[in-house]
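Reproduced below: entry38.cif, with mmCIF, C-alpha atoms.
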data_coords
loop_
_atom_site.label_atom_id
_atom_site.label_comp_id
_atom_site.auth_asym_id
_atom_site.auth_seq_id
_atom_site.Cartn_x
_atom_site.Cartn_y
_atom_site.Cartn_z
CA MET A 64 146.44 86.35 194.21
CA LEU A 65 148.80 83.49 195.02
CA GLU A 66 148.73 81.98 198.49
CA SER A 67 149.96 78.88 200.29
CA ILE A 68 147.30 76.47 201.51
CA THR A 69 146.85 72.82 202.45
CA HIS A 70 144.62 70.71 200.22
CA ALA A 71 143.98 66.96 200.34
CA GLY A 72 147.02 66.45 202.56
CA TYR A 73 149.41 68.36 200.28
CA ASN A 74 151.23 71.65 200.58
CA CYS A 75 149.65 73.62 197.77
CA LEU A 76 149.33 77.00 196.11
CA ARG A 77 146.00 78.62 195.36
CA LEU A 78 145.80 80.98 192.41
CA SER A 79 142.68 83.16 192.46
CA ASN A 80 141.30 86.39 191.00
CA GLY A 81 138.05 86.43 192.99
CA ASP A 82 136.05 84.85 190.18
CA VAL A 83 137.82 81.52 189.81
CA GLU A 84 140.51 79.56 191.61
CA LEU A 85 143.06 76.87 190.85
CA VAL A 86 144.91 74.68 193.36
CA VAL A 87 148.27 73.11 192.53
CA PRO A 88 150.23 70.71 194.76
CA LEU A 89 153.89 71.27 195.58
CA ASP A 90 154.57 67.78 196.97
CA VAL A 91 153.96 66.10 193.58
CA GLY A 92 153.57 67.29 190.01
CA PRO A 93 153.50 69.48 188.07
CA ARG A 94 149.71 69.19 188.32
CA VAL A 95 146.50 71.16 188.71
CA LEU A 96 144.13 69.50 191.18
CA VAL A 97 141.32 72.07 191.39
CA TYR A 98 139.66 74.45 188.93
CA ARG A 99 136.38 76.00 190.00
CA LEU A 100 134.25 79.10 189.97
CA LYS A 101 134.07 80.98 193.27
CA GLY A 102 131.85 78.93 195.53
CA GLY A 103 131.39 76.20 192.93
CA PRO A 104 132.42 72.55 192.77
CA ASN A 105 135.70 71.36 191.32
CA VAL A 106 135.26 70.34 187.67
CA LEU A 107 138.41 68.19 187.81
CA LYS A 108 138.43 64.59 189.02
CA GLU A 109 140.30 63.76 192.23
CA TRP A 110 140.88 60.28 193.69
CA PRO A 111 140.81 60.87 197.47
CA ASP A 112 142.56 57.61 198.28
CA GLN A 113 145.54 58.63 196.10
CA LEU A 114 145.93 62.16 197.46
CA GLY A 115 148.16 63.25 200.33
CA ARG A 116 150.80 60.73 199.30
CA SER A 117 154.07 60.95 197.40
CA GLY A 118 157.23 59.02 196.63
CA GLU A 119 155.55 55.99 195.07
CA ALA A 120 157.74 53.87 192.79
CA ARG A 121 155.12 53.92 190.04
CA TRP A 122 153.08 56.66 188.40
CA VAL A 123 149.79 57.35 190.23
CA PRO A 124 146.74 58.91 188.52
CA ARG A 125 145.59 61.13 191.44
CA GLY A 126 143.44 63.24 189.10
CA GLY A 127 143.51 66.82 187.88
CA HIS A 128 145.56 68.09 184.95
CA ARG A 129 149.00 66.76 184.05
CA LEU A 130 151.68 66.85 181.34
CA TRP A 131 152.81 63.69 179.57
CA THR A 132 154.87 62.75 176.53
CA SER A 133 153.47 61.07 173.41
CA PRO A 134 153.61 58.54 171.78
CA GLU A 135 152.33 56.60 174.77
CA ASP A 136 154.60 53.92 176.17
CA LEU A 137 155.22 52.26 179.52
CA THR A 138 158.51 54.05 180.21
CA ARG A 139 158.83 57.79 179.58
CA THR A 140 155.08 58.47 179.35
CA TYR A 141 154.39 56.86 182.74
CA ALA A 142 157.43 58.29 184.49
CA PRO A 143 156.35 59.03 188.09
CA ASP A 144 155.60 62.66 188.98
CA ASN A 145 155.58 61.74 192.66
CA VAL A 146 158.27 64.01 194.16
CA PRO A 147 158.21 67.64 195.34
CA ILE A 148 158.45 70.37 192.71
CA SER A 149 159.74 73.93 192.79
CA HIS A 150 157.84 77.03 191.70
CA GLU A 151 158.37 80.61 190.59
CA GLU A 152 155.83 83.40 190.80
CA THR A 153 155.17 84.94 187.38
CA PRO A 154 153.07 87.94 186.27
CA GLY A 155 149.51 86.83 186.92
CA GLY A 156 150.44 83.30 187.83
CA VAL A 157 153.00 80.67 188.75
CA ARG A 158 155.47 78.34 187.05
CA LEU A 159 155.62 74.74 188.35
CA ILE A 160 158.95 73.03 187.75
CA GLN A 161 159.56 69.30 188.08
CA PRO A 162 163.07 68.16 188.99
CA PRO A 163 164.99 66.76 185.99
CA ASP A 164 164.11 63.13 185.32
CA ALA A 165 167.56 61.65 184.81
CA ARG A 166 166.24 58.21 183.93
CA HIS A 167 164.22 59.43 180.93
CA GLY A 168 166.16 62.62 180.18
CA ILE A 169 163.28 65.10 180.39
CA GLN A 170 162.08 67.92 182.61
CA LYS A 171 158.47 69.17 182.71
CA GLU A 172 157.10 72.61 183.53
CA ILE A 173 153.60 74.12 183.57
CA THR A 174 153.07 77.87 183.81
CA LEU A 175 149.59 79.04 184.82
CA THR A 176 148.53 82.60 183.98
CA LEU A 177 145.15 83.74 185.30
CA ALA A 178 143.30 86.69 183.80
CA PRO A 179 142.74 89.65 186.17
CA SER A 180 139.02 88.85 186.18
CA GLY A 181 136.80 86.14 184.79
CA SER A 182 137.71 82.49 184.48
CA ARG A 183 140.27 82.39 181.67
CA VAL A 184 143.57 80.72 182.51
CA THR A 185 146.40 79.98 180.09
CA LEU A 186 148.53 76.88 180.61
CA ASP A 187 151.96 76.89 179.00
CA HIS A 188 153.50 73.41 179.04
CA ARG A 189 157.21 72.91 178.47
CA ILE A 190 159.27 69.74 178.10
CA THR A 191 163.07 70.05 178.04
CA ASN A 192 165.51 67.37 176.93
CA VAL A 193 167.97 67.12 179.83
CA GLY A 194 169.52 63.91 178.51
CA GLY A 195 172.66 63.43 176.50
CA SER A 196 171.06 62.46 173.17
CA ALA A 197 168.20 63.57 170.94
CA ALA A 198 164.63 62.62 171.90
CA THR A 199 161.55 62.41 169.69
CA LEU A 200 158.28 63.23 171.44
CA ALA A 201 155.13 65.33 171.44
CA PRO A 202 153.82 67.27 174.44
CA TRP A 203 150.54 65.83 175.71
CA ALA A 204 148.30 67.80 178.10
CA LEU A 205 145.61 65.72 179.82
CA THR A 206 142.72 67.19 181.83
CA VAL A 207 140.82 64.65 183.93
CA MET A 208 137.22 65.77 184.36
CA ALA A 209 134.82 65.02 187.20
CA PRO A 210 132.30 62.24 186.51
CA GLY A 211 128.73 62.61 185.37
CA GLY A 212 129.16 65.16 182.58
CA THR A 213 128.83 65.46 178.82
CA GLU A 214 131.69 66.33 176.48
CA ILE A 215 131.03 68.42 173.36
CA ILE A 216 133.37 68.28 170.35
CA PRO A 217 132.43 70.55 167.42
CA LEU A 218 132.75 69.19 163.89
CA PRO A 219 133.67 71.17 160.74
CA PRO A 220 130.74 72.71 158.82
CA LYS A 221 129.17 70.38 156.30
CA ARG A 222 129.24 71.14 152.57
CA PRO A 223 127.42 69.45 149.70
CA HIS A 224 128.92 66.84 147.45
CA PRO A 225 130.64 68.71 144.60
CA GLY A 226 128.73 66.83 141.90
CA ALA A 227 130.07 65.91 138.47
CA PRO A 228 133.80 66.44 137.89
CA GLU A 229 133.22 69.18 135.33
CA ASN A 230 131.34 71.18 137.98
CA ALA A 231 133.53 70.32 140.95
CA GLY A 232 135.96 73.20 140.99
CA GLY A 233 139.01 70.94 141.19
CA ALA A 234 140.15 67.80 142.95
CA ALA A 235 140.37 69.57 146.33
CA ALA A 236 136.57 69.61 146.52
CA TYR A 237 136.65 65.81 146.81
CA ALA A 238 139.31 65.63 149.54
CA PRO A 239 138.44 64.60 153.11
CA ASN A 240 138.56 67.31 155.76
CA GLN A 241 138.34 65.20 158.93
CA ASN A 242 140.01 62.16 160.45
CA LEU A 243 139.16 59.83 163.29
CA ALA A 244 141.59 57.55 165.15
CA LEU A 245 140.15 54.58 167.03
CA TRP A 246 141.71 52.41 169.72
CA PRO A 247 141.29 48.61 169.82
CA PHE A 248 138.90 48.79 172.78
CA THR A 249 136.66 51.47 171.20
CA ASP A 250 133.16 50.33 170.20
CA LEU A 251 131.29 52.86 168.07
CA SER A 252 127.97 51.28 169.06
CA ASP A 253 128.66 52.31 172.67
CA PRO A 254 125.61 54.40 173.71
CA ARG A 255 127.84 56.92 175.50
CA TRP A 256 128.73 58.27 172.05
CA HIS A 257 126.54 60.45 169.87
CA PHE A 258 127.97 61.19 166.41
CA GLY A 259 125.90 64.05 165.10
CA GLY A 260 125.90 66.40 162.16
CA SER A 261 127.56 69.30 163.97
CA PHE A 262 128.92 67.80 167.20
CA ILE A 263 130.25 64.62 168.76
CA LEU A 264 128.87 64.11 172.28
CA LEU A 265 130.43 61.74 174.82
CA ARG A 266 128.73 61.13 178.15
CA GLN A 267 130.67 60.03 181.21
CA LYS A 268 128.84 57.20 182.94
CA PRO A 269 129.76 54.49 185.50
CA VAL A 270 130.38 51.95 182.75
CA ALA A 271 133.17 49.46 183.39
CA TYR A 272 134.77 49.35 179.95
CA PRO A 273 136.74 52.32 178.54
CA THR A 274 136.40 54.06 175.19
CA LYS A 275 138.69 56.47 173.34
CA LEU A 276 139.05 58.31 170.06
CA GLY A 277 141.30 60.95 168.54
CA LEU A 278 140.89 63.63 165.91
CA MET A 279 142.79 66.25 163.98
CA HIS A 280 140.65 69.03 165.40
CA ALA A 281 140.62 72.48 163.84
CA GLY A 282 137.44 73.67 165.57
CA GLY A 283 139.40 75.55 168.22
CA TRP A 284 137.56 74.32 171.31
CA VAL A 285 136.06 71.40 173.17
CA ALA A 286 133.74 71.60 176.19
CA TYR A 287 132.51 69.52 179.12
CA HIS A 288 129.28 70.22 180.99
CA VAL A 289 129.13 68.97 184.57
CA ALA A 290 127.55 70.05 187.88
CA GLY A 291 126.04 73.24 186.49
CA GLN A 292 129.29 74.43 184.94
CA LEU A 293 130.66 74.46 181.40
CA PHE A 294 134.39 73.82 181.10
CA VAL A 295 135.90 75.00 177.82
CA LYS A 296 139.37 74.04 176.62
CA ARG A 297 140.85 75.90 173.66
CA VAL A 298 142.58 73.38 171.39
CA PRO A 299 145.68 74.52 169.49
CA VAL A 300 146.71 73.17 166.09
CA GLU A 301 149.87 73.79 164.09
CA PRO A 302 149.17 73.66 160.33
CA GLY A 303 151.56 71.26 158.66
CA GLY A 304 152.67 69.69 161.95
CA THR A 305 153.19 65.94 162.18
CA TYR A 306 151.02 64.72 165.03
CA PRO A 307 151.15 61.39 166.88
CA ASP A 308 148.53 58.64 166.91
CA ARG A 309 147.74 58.84 163.20
CA GLY A 310 147.55 62.61 163.19
CA CYS A 311 145.70 63.63 166.38
CA ASN A 312 145.87 66.95 168.22
CA LEU A 313 142.81 66.06 170.33
CA GLU A 314 142.02 62.81 172.10
CA THR A 315 139.38 61.86 174.61
CA PHE A 316 139.05 58.87 176.91
CA THR A 317 136.47 57.81 179.47
CA ASN A 318 135.93 54.96 181.88
CA ALA A 319 133.74 54.38 184.91
CA ASP A 320 135.50 57.03 187.01
CA MET A 321 136.20 60.05 184.83
CA LEU A 322 136.62 61.57 181.37
CA GLU A 323 139.87 62.93 179.92
CA ILE A 324 140.20 65.80 177.44
CA GLU A 325 143.67 65.59 175.94
CA THR A 326 145.49 67.97 173.60
CA LEU A 327 148.73 67.14 171.81
CA GLY A 328 151.44 69.10 170.06
CA PRO A 329 153.30 67.98 166.94
CA LEU A 330 156.08 65.43 167.15
CA VAL A 331 159.50 67.07 167.45
CA GLU A 332 163.08 65.87 167.72
CA LEU A 333 164.69 67.64 170.65
CA ALA A 334 168.45 67.86 170.76
CA ALA A 335 170.05 67.82 174.20
CA GLY A 336 169.14 71.03 175.97
CA GLN A 337 166.25 71.93 173.66
CA SER A 338 162.65 72.48 174.77
CA VAL A 339 159.21 72.22 173.21
CA GLU A 340 156.19 74.23 174.36
CA HIS A 341 152.47 73.58 174.13
CA ALA A 342 149.83 76.10 175.22
CA GLU A 343 146.12 75.80 175.85
CA ALA A 344 143.52 77.97 177.58
CA TRP A 345 140.61 77.14 179.88
CA GLU A 346 137.38 78.91 180.78
CA LEU A 347 134.45 78.14 183.08
CA PHE A 348 130.86 79.32 182.70
CA PRO A 349 127.80 78.73 184.90
CA LEU A 350 125.29 76.66 182.94
CA ASN A 351 122.41 75.35 185.03
CA ALA A 352 120.57 73.50 182.28
CA GLU A 353 120.57 70.04 180.77
CA VAL A 354 122.82 69.51 177.76
CA TRP A 355 121.78 66.25 176.11
CA THR A 356 121.27 66.95 172.42
CA GLU A 357 122.89 68.84 169.56
CA ASP A 358 120.07 71.35 169.76
CA ASP A 359 120.91 71.95 173.43
CA VAL A 360 124.54 72.55 172.43
CA ALA A 361 123.58 75.01 169.70
CA ARG A 362 121.25 76.95 172.02
CA LEU A 363 123.19 76.87 175.29
CA VAL A 364 126.85 76.09 174.70
CA VAL A 365 127.79 77.78 171.43
CA PRO A 366 126.75 81.29 172.58
CA LEU A 367 129.02 80.96 175.62
CA VAL A 368 131.99 79.61 173.69
#
Write out the structure in this file as structure tokens.
Amino acid sequence: MLESITHAGYNCLRLSNGDVELVVPLDVGPRVLVYRLKGGPNVLKEWPDQLGRSGEARWVPRGGHRLWTSPEDLTRTYAPDNVPISHEETPGGVRLIQPPDARHGIQKEITLTLAPSGSRVTLDHRITNVGGSAATLAPWALTVMAPGGTEIIPLPPKRPHPGAPENAGGAAAYAPNQNLALWPFTDLSDPRWHFGGSFILLRQKPVAYPTKLGLMHAGGWVAYHVAGQLFVKRVPVEPGGTYPDRGCNLETFTNADMLEIETLGPLVELAAGQSVEHAEAWELFPLNAEVWTEDDVARLVVPLV
């Protein structure tokens, strides 16, 4: 069901199937401000003092889920999404369409498709080159999570060292199968991080300094446990694609206010008039238990995912 409502001072649409609901503003965007189970709290971060406003000269965080362009810079990436958008009803959902950004030559769209029941929603992101020349970019979908939770990133299964070369089964057995990109402000001794054997855990806490890392993630999912709910984001990967930020399709960032789960598509060169698409899927599960250790993840999170 799609209906018009008012939320946080904005004209909005609410998309619901009776089990879960999403709220998207029409006065700014394209964005998703609310994602929650029926009767449950919003798992997305909102900044109340930034809501109900529009038309600012600069980009404003506001919260929720948004679409950016990578590599990150201070021009096209931070182009304001502070004006009214249009929308089209689609089967099971809605398409949110930003006006063309003439200054940076792009136009953004997000199409939400909600399953008939349950919590699964698919988000199809599209960036179109509306400029007069080619543009190189990667779609970048950022979900800003409510504070106080724990993020869970699965790691590839471990395998033993192949041993002596004559028993190794070829050079491929010695090749790395993971990568990790670090930002200049990232401190791996930060106690918010737990680098385990099967999972990386990152806890959102009211700590003043930020931290961030990126991965080439083939595990298929990442999760965030907060307020008795487990948010799951399905992470796409295109084999052979050239990804930004030293080869990352997943990045995560946290500061004192929130935690971001970010997926990226491969870098593409878009000719004038061409588009690139990037899809991900979300789910929400009730989980009224503490998730602090890898054993907790194995017992409580993995069966749900």
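Remark: for Gly155 (chain A), the closest of the candidate residues A:Leu265, A:Ala178, A:Leu137, A:Ile169 is A:Ala178 (distances computed over only C-alpha atoms).
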Practice item. Could you expand the PyMOL selection byres ((chain A and resi 220-224) around 9) into the explicit residues it covers here, written as number ranges by chain? Key: A: 218-219, 225-226, 231, 236-237, 260-261
Include C-alpha atoms and write out the residues we just selected as a PDB file, in the coordinates of the input.
ATOM      1  CA  LEU A 218     132.750  69.190 163.890  1.00  0.00           C
ATOM      2  CA  PRO A 219     133.670  71.170 160.740  1.00  0.00           C
ATOM      3  CA  PRO A 225     130.640  68.710 144.600  1.00  0.00           C
ATOM      4  CA  GLY A 226     128.730  66.830 141.900  1.00  0.00           C
ATOM      5  CA  ALA A 231     133.530  70.320 140.950  1.00  0.00           C
ATOM      6  CA  ALA A 236     136.570  69.610 146.520  1.00  0.00           C
ATOM      7  CA  TYR A 237     136.650  65.810 146.810  1.00  0.00           C
ATOM      8  CA  GLY A 260     125.900  66.400 162.160  1.00  0.00           C
ATOM      9  CA  SER A 261     127.560  69.300 163.970  1.00  0.00           C
TER      10      SER A 261
END
Practice item. Could you expand the PyMOL selection byres ((chain A and resi 195) around 8) into the explicit residues it covers here, written as a PyMOL selection string? Key: chain A and resi 168+193-194+196-197+335
Selection dump of the PyMOL selection byres ((chain A and resi 89) around 9), as a PDB file with C-alpha atoms, in the frame of the given file:
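Written out: expr-v3.pdb:
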ATOM      1  CA  TYR A  73     149.410  68.360 200.280  1.00  0.00           C
ATOM      2  CA  ASN A  74     151.230  71.650 200.580  1.00  0.00           C
ATOM      3  CA  CYS A  75     149.650  73.620 197.770  1.00  0.00           C
ATOM      4  CA  LEU A  76     149.330  77.000 196.110  1.00  0.00           C
ATOM      5  CA  VAL A  87     148.270  73.110 192.530  1.00  0.00           C
ATOM      6  CA  PRO A  88     150.230  70.710 194.760  1.00  0.00           C
ATOM      7  CA  ASP A  90     154.570  67.780 196.970  1.00  0.00           C
ATOM      8  CA  VAL A  91     153.960  66.100 193.580  1.00  0.00           C
ATOM      9  CA  GLY A  92     153.570  67.290 190.010  1.00  0.00           C
ATOM     10  CA  PRO A  93     153.500  69.480 188.070  1.00  0.00           C
ATOM     11  CA  ARG A  94     149.710  69.190 188.320  1.00  0.00           C
ATOM     12  CA  VAL A 146     158.270  64.010 194.160  1.00  0.00           C
ATOM     13  CA  PRO A 147     158.210  67.640 195.340  1.00  0.00           C
ATOM     14  CA  ILE A 148     158.450  70.370 192.710  1.00  0.00           C
ATOM     15  CA  SER A 149     159.740  73.930 192.790  1.00  0.00           C
ATOM     16  CA  HIS A 150     157.840  77.030 191.700  1.00  0.00           C
ATOM     17  CA  LEU A 159     155.620  74.740 188.350  1.00  0.00           C
TER      18      LEU A 159
END
Exercise for review: For a cut-off of 8 Å around (149.2, 80.2, 182.6), file coordinates, pick out all residues using all atoms listed in the file and list them as JSON, numbers by chain.
Suggested key: {"A": [155, 156, 157, 158, 173, 174, 175, 176, 177, 184, 185, 186, 187, 344]}
Practice item. Calculate how many Å separate CA of Phe316 (chain A) from CA of Val207 (chain A), rounding to one decimal. Key: 9.3 Å
Shell of 8 Å around region 306-312 of chain A, only C-alpha atoms, local chain residues under 2 positions omitted, as a compact mmCIF listing (two decimals) with C-alpha atoms, in the coordinates of the input:
# COMPACT_ATOMS: atom_id res chain seq x y z
CA SER A 133 153.47 61.07 173.41
CA PRO A 134 153.61 58.54 171.78
CA ALA A 201 155.13 65.33 171.44
CA ALA A 244 141.59 57.55 165.15
CA GLY A 277 141.30 60.95 168.54
CA LEU A 278 140.89 63.63 165.91
CA MET A 279 142.79 66.25 163.98
CA HIS A 280 140.65 69.03 165.40
CA VAL A 298 142.58 73.38 171.39
CA PRO A 299 145.68 74.52 169.49
CA VAL A 300 146.71 73.17 166.09
CA GLY A 304 152.67 69.69 161.95
CA GLU A 314 142.02 62.81 172.10
CA THR A 326 145.49 67.97 173.60
CA LEU A 327 148.73 67.14 171.81
CA GLY A 328 151.44 69.10 170.06
CA PRO A 329 153.30 67.98 166.94
CA LEU A 330 156.08 65.43 167.15
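The gap separating CA of His188 (chain A) from CA of Val295 (chain A) is 17.7 Å, in Å to one decimal.
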Practice item. Tell me which of A:Ala142, A:Val285, A:Val270, A:Ala204 sits closest to Thr317 (chain A), counting all atoms listed in the file. Key: A:Val270
